[in-house]
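Chemist: Handing over protein_29.cif, mmCIF, C-alpha atoms.
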```cif
data_query
#
loop_
_atom_site.label_atom_id
_atom_site.label_comp_id
_atom_site.auth_asym_id
_atom_site.auth_seq_id
_atom_site.Cartn_x
_atom_site.Cartn_y
_atom_site.Cartn_z
CA MET A 1 81.97 95.10 199.22
CA ALA A 2 81.94 91.40 198.46
CA ASN A 3 83.07 90.52 194.99
CA LYS A 4 83.13 86.75 195.21
CA SER A 5 80.14 85.99 192.99
CA GLY A 6 79.96 87.30 189.44
CA TYR A 7 77.98 90.01 187.75
CA ALA A 8 75.29 87.61 186.49
CA ALA A 9 74.82 86.03 189.92
CA HIS A 10 74.34 89.43 191.56
CA LEU A 11 71.91 90.47 188.88
CA ARG A 12 69.97 87.23 189.28
CA THR A 13 69.54 87.88 193.02
CA TYR A 14 67.88 91.25 192.31
CA LEU A 15 65.71 89.83 189.53
CA THR A 16 64.57 86.93 191.74
CA GLY A 17 63.66 89.40 194.47
CA TYR A 18 61.76 91.53 191.99
CA VAL A 19 59.73 88.67 190.50
CA LEU A 20 58.85 87.30 193.95
CA SER A 21 57.82 90.79 195.12
CA VAL A 22 55.59 91.29 192.07
CA VAL A 23 53.88 87.93 192.66
CA LEU A 24 53.34 88.68 196.37
CA THR A 25 52.00 92.18 195.58
CA ILE A 26 49.53 90.90 192.98
CA ALA A 27 48.39 88.17 195.39
CA ALA A 28 47.69 90.77 198.10
CA PHE A 29 45.75 93.06 195.71
CA TRP A 30 43.78 90.12 194.32
CA ALA A 31 42.89 88.80 197.79
CA VAL A 32 41.58 92.18 198.97
CA LEU A 33 39.62 92.96 195.80
CA ALA A 34 38.14 89.45 195.60
CA VAL A 35 36.96 88.90 199.19
CA GLY A 36 37.91 92.05 201.15
CA ARG A 37 34.43 93.55 201.11
CA GLU A 38 32.73 90.73 203.01
CA ASN A 39 35.56 89.05 204.84
CA LYS A 40 37.70 91.00 207.32
CA SER A 41 39.98 88.02 207.96
CA VAL A 42 41.51 88.67 204.52
CA LEU A 43 43.80 91.05 206.41
CA ILE A 44 45.55 88.07 208.02
CA LEU A 45 46.46 86.88 204.52
CA VAL A 46 47.51 90.41 203.49
CA GLY A 47 49.70 90.59 206.61
CA LEU A 48 51.38 87.27 205.83
CA LEU A 49 51.98 88.26 202.20
CA GLY A 50 53.41 91.60 203.38
CA VAL A 51 55.79 89.95 205.85
CA ALA A 52 56.87 87.50 203.14
CA GLN A 53 57.60 90.38 200.77
CA LEU A 54 59.53 92.23 203.50
CA ALA A 55 61.66 89.11 204.01
CA VAL A 56 62.26 88.72 200.26
CA GLN A 57 63.32 92.35 199.83
CA LEU A 58 65.52 92.35 202.95
CA LYS A 59 67.33 89.30 201.63
CA CYS A 60 67.54 90.07 197.90
CA PHE A 61 67.67 93.89 197.83
CA LEU A 62 69.11 94.97 201.18
CA ASN A 63 71.48 92.03 201.59
CA VAL A 64 70.54 91.27 205.19
CA THR A 65 71.77 87.74 205.83
CA THR A 66 72.47 85.44 208.75
CA GLN A 67 76.10 85.05 207.60
CA LYS A 68 78.83 86.09 209.97
CA GLU A 69 79.83 89.35 208.27
CA GLY A 70 76.22 90.57 208.28
CA ARG A 71 75.45 89.85 211.93
CA ASP A 72 75.66 93.47 213.06
CA ASN A 73 73.06 94.53 210.51
CA LEU A 74 70.82 91.60 211.35
CA ALA A 75 70.97 92.36 215.07
CA LEU A 76 70.16 96.02 214.37
CA VAL A 77 67.19 95.13 212.14
CA LEU A 78 65.80 92.59 214.60
CA PHE A 79 66.11 94.94 217.58
CA SER A 80 64.47 97.79 215.64
CA THR A 81 61.67 95.43 214.63
CA LEU A 82 61.12 94.53 218.29
CA ILE A 83 60.83 98.22 219.27
CA LEU A 84 58.56 98.81 216.27
CA LEU A 85 56.23 95.96 217.25
CA ILE A 86 56.07 97.12 220.89
CA ILE A 87 55.12 100.64 219.74
CA VAL A 88 52.58 99.66 217.07
CA VAL A 89 50.97 96.59 218.65
CA GLY A 90 51.04 98.21 222.10
CA THR A 91 49.31 101.34 220.81
CA ALA A 92 46.68 99.38 218.89
CA TRP A 93 46.04 97.15 221.92
CA ILE A 94 45.68 99.96 224.47
CA MET A 95 43.69 102.33 222.27
CA GLY A 96 41.48 99.48 220.97
CA ASN A 97 40.75 98.36 224.51
CA LEU A 98 39.96 101.93 225.49
CA ALA A 99 37.58 102.28 222.53
CA VAL A 100 35.70 99.12 223.54
CA ARG A 101 35.38 100.19 227.20
CA MET A 102 34.28 103.69 226.26
CA HIS A 103 31.75 102.23 223.79
CA THR A 104 33.13 104.26 220.91
CA THR A 105 33.47 102.67 217.52
CA MET A 106 36.94 102.19 216.12
CA MET B 1 82.01 112.78 205.27
CA ASN B 2 83.58 116.02 204.06
CA GLY B 3 81.03 117.21 201.50
CA THR B 4 81.94 117.49 197.83
CA PRO B 5 85.58 116.97 196.79
CA SER B 6 87.40 120.25 197.42
CA THR B 7 88.93 122.34 194.66
CA SER B 8 92.40 121.66 196.05
CA ASN B 9 91.78 118.04 195.19
CA PRO B 10 90.75 117.94 191.52
CA SER B 11 92.02 114.43 190.78
CA VAL B 12 89.68 112.45 188.57
CA ASN B 13 91.51 109.23 189.19
CA PRO B 14 89.02 106.96 191.02
CA GLY B 15 90.27 105.52 194.25
CA GLN B 16 93.38 107.71 194.31
CA VAL B 17 91.98 110.72 196.14
CA PRO B 18 93.95 111.04 199.39
CA GLY B 19 91.82 111.68 202.42
CA ALA B 20 88.57 111.45 200.50
CA ILE B 21 87.26 108.73 202.79
CA HIS B 22 88.16 109.25 206.40
CA LYS B 23 86.22 106.35 207.74
CA ASP B 24 85.96 102.66 207.16
CA PRO B 25 83.32 102.24 204.40
CA ASP B 26 81.64 99.40 206.32
CA MET B 27 81.22 101.71 209.31
CA VAL B 28 79.73 104.42 207.08
CA ILE B 29 77.19 101.96 205.68
CA PHE B 30 76.40 100.63 209.16
CA GLY B 31 75.87 104.17 210.39
CA PHE B 32 73.39 104.70 207.59
CA TRP B 33 71.56 101.54 208.66
CA VAL B 34 71.25 103.01 212.16
CA PHE B 35 69.69 106.15 210.66
CA MET B 36 67.26 104.06 208.58
CA MET B 37 66.17 102.05 211.60
CA SER B 38 65.51 105.24 213.58
CA ASP B 39 63.47 106.43 210.61
CA LEU B 40 61.62 103.11 210.75
CA ILE B 41 60.64 103.79 214.37
CA PHE B 42 59.44 107.27 213.32
CA PHE B 43 57.26 105.70 210.62
CA GLY B 44 56.09 103.12 213.17
CA VAL B 45 54.72 105.84 215.47
CA VAL B 46 52.82 107.46 212.59
CA PHE B 47 51.48 104.03 211.55
CA ALA B 48 50.28 103.52 215.14
CA ILE B 49 48.43 106.85 215.04
CA TYR B 50 46.81 105.86 211.74
CA ILE B 51 45.66 102.49 213.12
CA THR B 52 43.97 104.14 216.11
CA MET B 53 42.27 106.62 213.77
CA ILE B 54 40.66 104.06 211.43
CA GLY B 55 36.92 104.73 211.52
CA ALA B 56 37.30 108.23 213.03
CA THR B 57 35.90 109.86 209.90
CA ALA B 58 33.51 112.23 211.76
CA GLY B 59 30.92 111.82 209.00
CA GLY B 60 33.40 112.78 206.29
CA PRO B 61 34.55 110.62 203.38
CA GLY B 62 36.36 107.40 204.33
CA PRO B 63 38.56 104.82 202.64
CA ARG B 64 35.72 103.24 200.63
CA GLU B 65 34.89 106.54 198.96
CA LEU B 66 38.42 107.86 198.53
CA PHE B 67 40.81 105.03 197.63
CA ASP B 68 41.62 104.26 194.01
CA PHE B 69 43.16 100.78 193.83
CA GLY B 70 44.09 101.07 190.15
CA SER B 71 46.31 104.05 190.88
CA LEU B 72 47.59 102.37 194.04
CA PHE B 73 48.65 99.31 192.05
CA ALA B 74 50.43 101.48 189.46
CA GLN B 75 52.28 103.36 192.23
CA THR B 76 53.28 100.09 193.88
CA MET B 77 54.66 98.71 190.61
CA LEU B 78 56.54 101.95 189.80
CA LEU B 79 58.23 101.99 193.20
CA LEU B 80 59.00 98.26 193.12
CA THR B 81 60.50 98.50 189.63
CA SER B 82 62.58 101.52 190.68
CA SER B 83 63.88 99.41 193.57
CA LEU B 84 65.02 96.84 190.99
CA THR B 85 66.65 99.42 188.71
CA VAL B 86 68.57 101.01 191.59
CA GLY B 87 69.73 97.47 192.42
CA ILE B 88 70.89 96.95 188.82
CA ALA B 89 72.79 100.25 189.06
CA THR B 90 74.46 98.94 192.25
CA VAL B 91 75.51 95.73 190.50
CA THR B 92 76.79 97.72 187.48
CA MET B 93 78.87 99.85 189.83
CA LYS B 94 80.25 96.95 191.89
CA HIS B 95 81.40 95.13 188.78
CA GLN B 96 82.94 98.24 187.24
CA ARG B 97 80.80 98.34 184.12
CA SER B 98 80.82 101.56 182.10
CA GLN B 99 79.83 104.81 183.73
CA ALA B 100 77.23 105.34 181.00
CA SER B 101 75.34 102.13 181.81
CA PHE B 102 75.47 103.01 185.52
CA LEU B 103 74.09 106.49 184.88
CA PHE B 104 71.40 105.01 182.61
CA TRP B 105 70.01 102.88 185.45
CA VAL B 106 70.18 105.79 187.92
CA VAL B 107 68.24 107.98 185.48
CA VAL B 108 65.66 105.20 184.95
CA THR B 109 65.25 105.00 188.75
CA LEU B 110 64.83 108.76 188.96
CA ILE B 111 62.15 108.74 186.24
CA LEU B 112 60.27 105.90 187.96
CA GLY B 113 60.50 107.77 191.28
CA LEU B 114 59.15 110.94 189.71
CA GLY B 115 56.36 108.91 188.06
CA PHE B 116 55.43 107.52 191.47
CA LEU B 117 55.30 111.02 192.96
CA THR B 118 53.19 112.34 190.07
CA LEU B 119 50.61 109.57 190.51
CA GLU B 120 50.58 110.07 194.28
CA LEU B 121 49.99 113.81 193.96
CA TYR B 122 47.26 113.16 191.40
CA ASP B 123 45.65 110.76 193.90
CA PHE B 124 45.76 113.37 196.66
CA SER B 125 44.16 115.96 194.36
CA GLN B 126 41.40 113.46 193.49
CA MET B 127 40.82 112.85 197.20
CA ALA B 128 40.70 116.59 197.89
CA ALA B 129 38.13 117.01 195.09
CA GLN B 130 35.87 114.56 196.96
CA GLY B 131 36.25 116.44 200.24
CA GLY B 132 39.09 114.26 201.51
CA VAL B 133 41.29 116.97 203.00
CA PRO B 134 43.43 116.64 206.16
CA GLN B 135 41.33 118.99 208.27
CA ARG B 136 38.08 117.11 207.56
CA SER B 137 38.52 114.36 210.19
CA GLY B 138 40.97 112.65 212.52
CA TYR B 139 41.14 109.75 210.11
CA LEU B 140 42.14 111.97 207.18
CA SER B 141 44.65 113.88 209.33
CA ALA B 142 46.32 110.59 210.19
CA PHE B 143 46.25 109.50 206.54
CA PHE B 144 47.82 112.74 205.33
CA GLY B 145 50.36 112.56 208.15
CA LEU B 146 51.58 109.15 207.02
CA VAL B 147 51.35 108.73 203.24
CA PRO B 148 52.82 112.13 202.25
CA LEU B 149 55.58 111.54 204.84
CA HIS B 150 56.66 108.60 202.69
CA GLY B 151 56.22 110.74 199.57
CA LEU B 152 58.47 113.38 201.13
CA HIS B 153 61.14 110.71 201.67
CA VAL B 154 60.82 109.70 198.00
CA SER B 155 61.14 113.37 196.96
CA PHE B 156 64.37 113.74 198.93
CA GLY B 157 65.61 110.47 197.43
CA CYS B 158 65.00 111.95 193.95
CA LEU B 159 66.85 115.14 194.94
CA TRP B 160 69.73 113.01 196.25
CA MET B 161 69.82 111.14 192.93
CA LEU B 162 69.91 114.39 190.95
CA VAL B 163 72.80 115.71 193.04
CA LEU B 164 74.72 112.44 192.56
CA ILE B 165 74.17 112.53 188.78
CA VAL B 166 75.56 116.08 188.66
CA GLN B 167 78.53 115.08 190.84
CA ILE B 168 79.33 112.03 188.70
CA CYS B 169 79.16 114.11 185.51
CA LYS B 170 81.52 116.68 187.02
CA VAL B 171 84.11 114.57 188.84
CA GLY B 172 83.51 110.98 187.74
CA MET B 173 83.06 107.84 189.87
CA LEU B 174 85.22 108.66 192.88
CA ASP B 175 85.20 106.20 195.76
CA ILE B 176 83.47 108.74 197.96
CA ILE B 177 80.68 109.08 195.39
CA LYS B 178 80.34 105.31 195.11
CA LEU B 179 79.87 105.19 198.87
CA ARG B 180 77.21 107.91 198.64
CA PHE B 181 75.43 105.95 195.94
CA LEU B 182 75.48 102.76 198.05
CA ARG B 183 73.70 104.65 200.82
CA LEU B 184 71.19 106.09 198.36
CA ALA B 185 70.45 102.55 197.10
CA LEU B 186 69.89 101.36 200.69
CA PHE B 187 67.59 104.33 201.35
CA TRP B 188 65.62 103.64 198.16
CA HIS B 189 65.15 99.93 198.97
CA PHE B 190 64.11 100.96 202.50
CA LEU B 191 61.41 103.27 201.10
CA ASP B 192 59.97 100.34 199.17
CA LEU B 193 59.83 98.34 202.42
CA ILE B 194 57.84 101.19 204.02
CA TRP B 195 55.54 101.22 201.00
CA ILE B 196 54.67 97.54 201.59
CA GLY B 197 53.47 98.62 205.04
CA ILE B 198 51.53 101.53 203.54
CA PHE B 199 49.56 99.56 200.98
CA SER B 200 48.94 96.68 203.41
CA VAL B 201 47.99 98.69 206.51
CA VAL B 202 46.88 102.12 205.29
CA TYR B 203 45.06 101.18 202.09
CA PHE B 204 43.95 97.55 202.63
CA GLY B 205 43.52 97.78 206.40
CA GLY B 206 41.69 101.09 206.11
CA TRP B 207 39.50 99.85 203.28
CA VAL B 208 38.49 96.58 204.98
CA TYR B 209 37.81 98.17 208.40
CA GLY B 210 36.71 101.65 207.36
#
```
Show me this structure written as structure tokens.

Modeler:
Amino acid sequence: MANKSGYAAHLRTYLTGYVLSVVLTIAAFWAVLAVGRENKSVLILVGLLGVAQLAVQLKCFLNVTTQKEGRDNLALVLFSTLILLIIVVGTAWIMGNLAVRMHTTM
Amino acid sequence: MNGTPSTSNPSVNPGQVPGAIHKDPDMVIFGFWVFMMSDLIFFGVVFAIYITMIGATAGGPGPRELFDFGSLFAQTMLLLTSSLTVGIATVTMKHQRSQASFLFWVVVTLILGLGFLTLELYDFSQMAAQGGVPQRSGYLSAFFGLVPLHGLHVSFGCLWMLVLIVQICKVGMLDIIKLRFLRLALFWHFLDLIWIGIFSVVYFGGWVYG
């Protein structure tokens, strides 16, 4: 494990990640509770905040970086994300389309 | 890995246990990443089922009746804070601080994890009291397939933490136990990533569209 930066620097990375995550979480809760009842497009904002928080935690907590020694992990995470998106978006697309054509509500 | 240190190997001198680690630690960690990503795909499939089931309440209670955002926020904060404390424990271990301070942060993480589980179970019991049980509708089946799956992961993480605490108390901070803890920390951070998906998609998505 890398030991090049000191104890305080390591600790600061985790604390930064934590504070950013708290802010992003509160923003998402606030957005949904404030306008979620009338406005469905609030989910776009929630999605963006969620992706931002995923990025923060991957960087600060899970140590996934673009530096050379972390390339294997990064490649693994990116490939898994691709598979994940194909599964989830593909399913939502096909089943949503089916629901519209069958005139069922979804 | 070869399980707990054998009785023929009772050395309590960290880093001096011959044959305790057969593999390159980086490879062990990478292997655990591969497991976590396969687990991610598993969660992804269950998320996909949930998304197709939004609205399929069959006349039963839906998200607007069942979800309690106060409790959800408390659960989110508990899990997020436990992700920080397990990180602090990792830093304490990497910089060879005292074993007591390391154990303190692991125990704090365990307590936060158990607090999260308690609130989650309380939430499920509240939902059941309002008729929100898995067999009521396709929507609720999908909900109870996904959220308790995450809770089950958290439960096993807590069990893992307990076992590590016992091992550290018995044999001290051996290299092999440090490596186990690093994987536990990764797993715990990963569960918080999944939780971001759960509150965004399951709770907010379900509530806005349901």

Chemist: Taking the file as shown, find all residues satisfying the PyMOL selection byres ((chain B) within 8 of (chain A)) and write them as a PyMOL selection string.

Modeler: chain B and resi 30+33-34+37-38+40-41+44-45+47-48+51-56+73+77+80-81+83-84+87-88+91-92+94-95+186+189-190+193+196-197+200+204-205+208-209

Chemist: Enter the distance from atom CA of Glu65 of chain B to atom CA of Gln126 of chain B, in Å, rounded to one decimal.

Modeler: 11.0 Å

Chemist: What is the atom CA of Ala89 of chain B to atom CA of Thr66 of chain A distance in Å?

Modeler: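 So the two atoms, atom CA of Ala89 of chain B and atom CA of Thr66 of chain A, lie 24.6 Å apart.
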
Chemist: So how many Å separate atom CA of Glu120 of chain B and atom CA of Gln75 of chain B, to one decimal?

Modeler: 7.2 Å

Chemist: Name all residues at most 10 Å from Leu72 of chain B (count only C-alpha atoms; drop same-chain ones fewer than 5 positions away) and give them as a count of residues only.

Modeler: 10

Chemist: Draw an axis-aligned box over all listed atoms of segment 89-93 of chain B, pad each side with 8 Å, and write its centre and edge lengths in Å, one decimal, as lines of an AutoDock Vina configuration file.

Modeler:
```
center_x = 75.8
center_y = 98.0
center_z = 189.9
size_x = 22.1
size_y = 20.5
size_z = 20.8
```
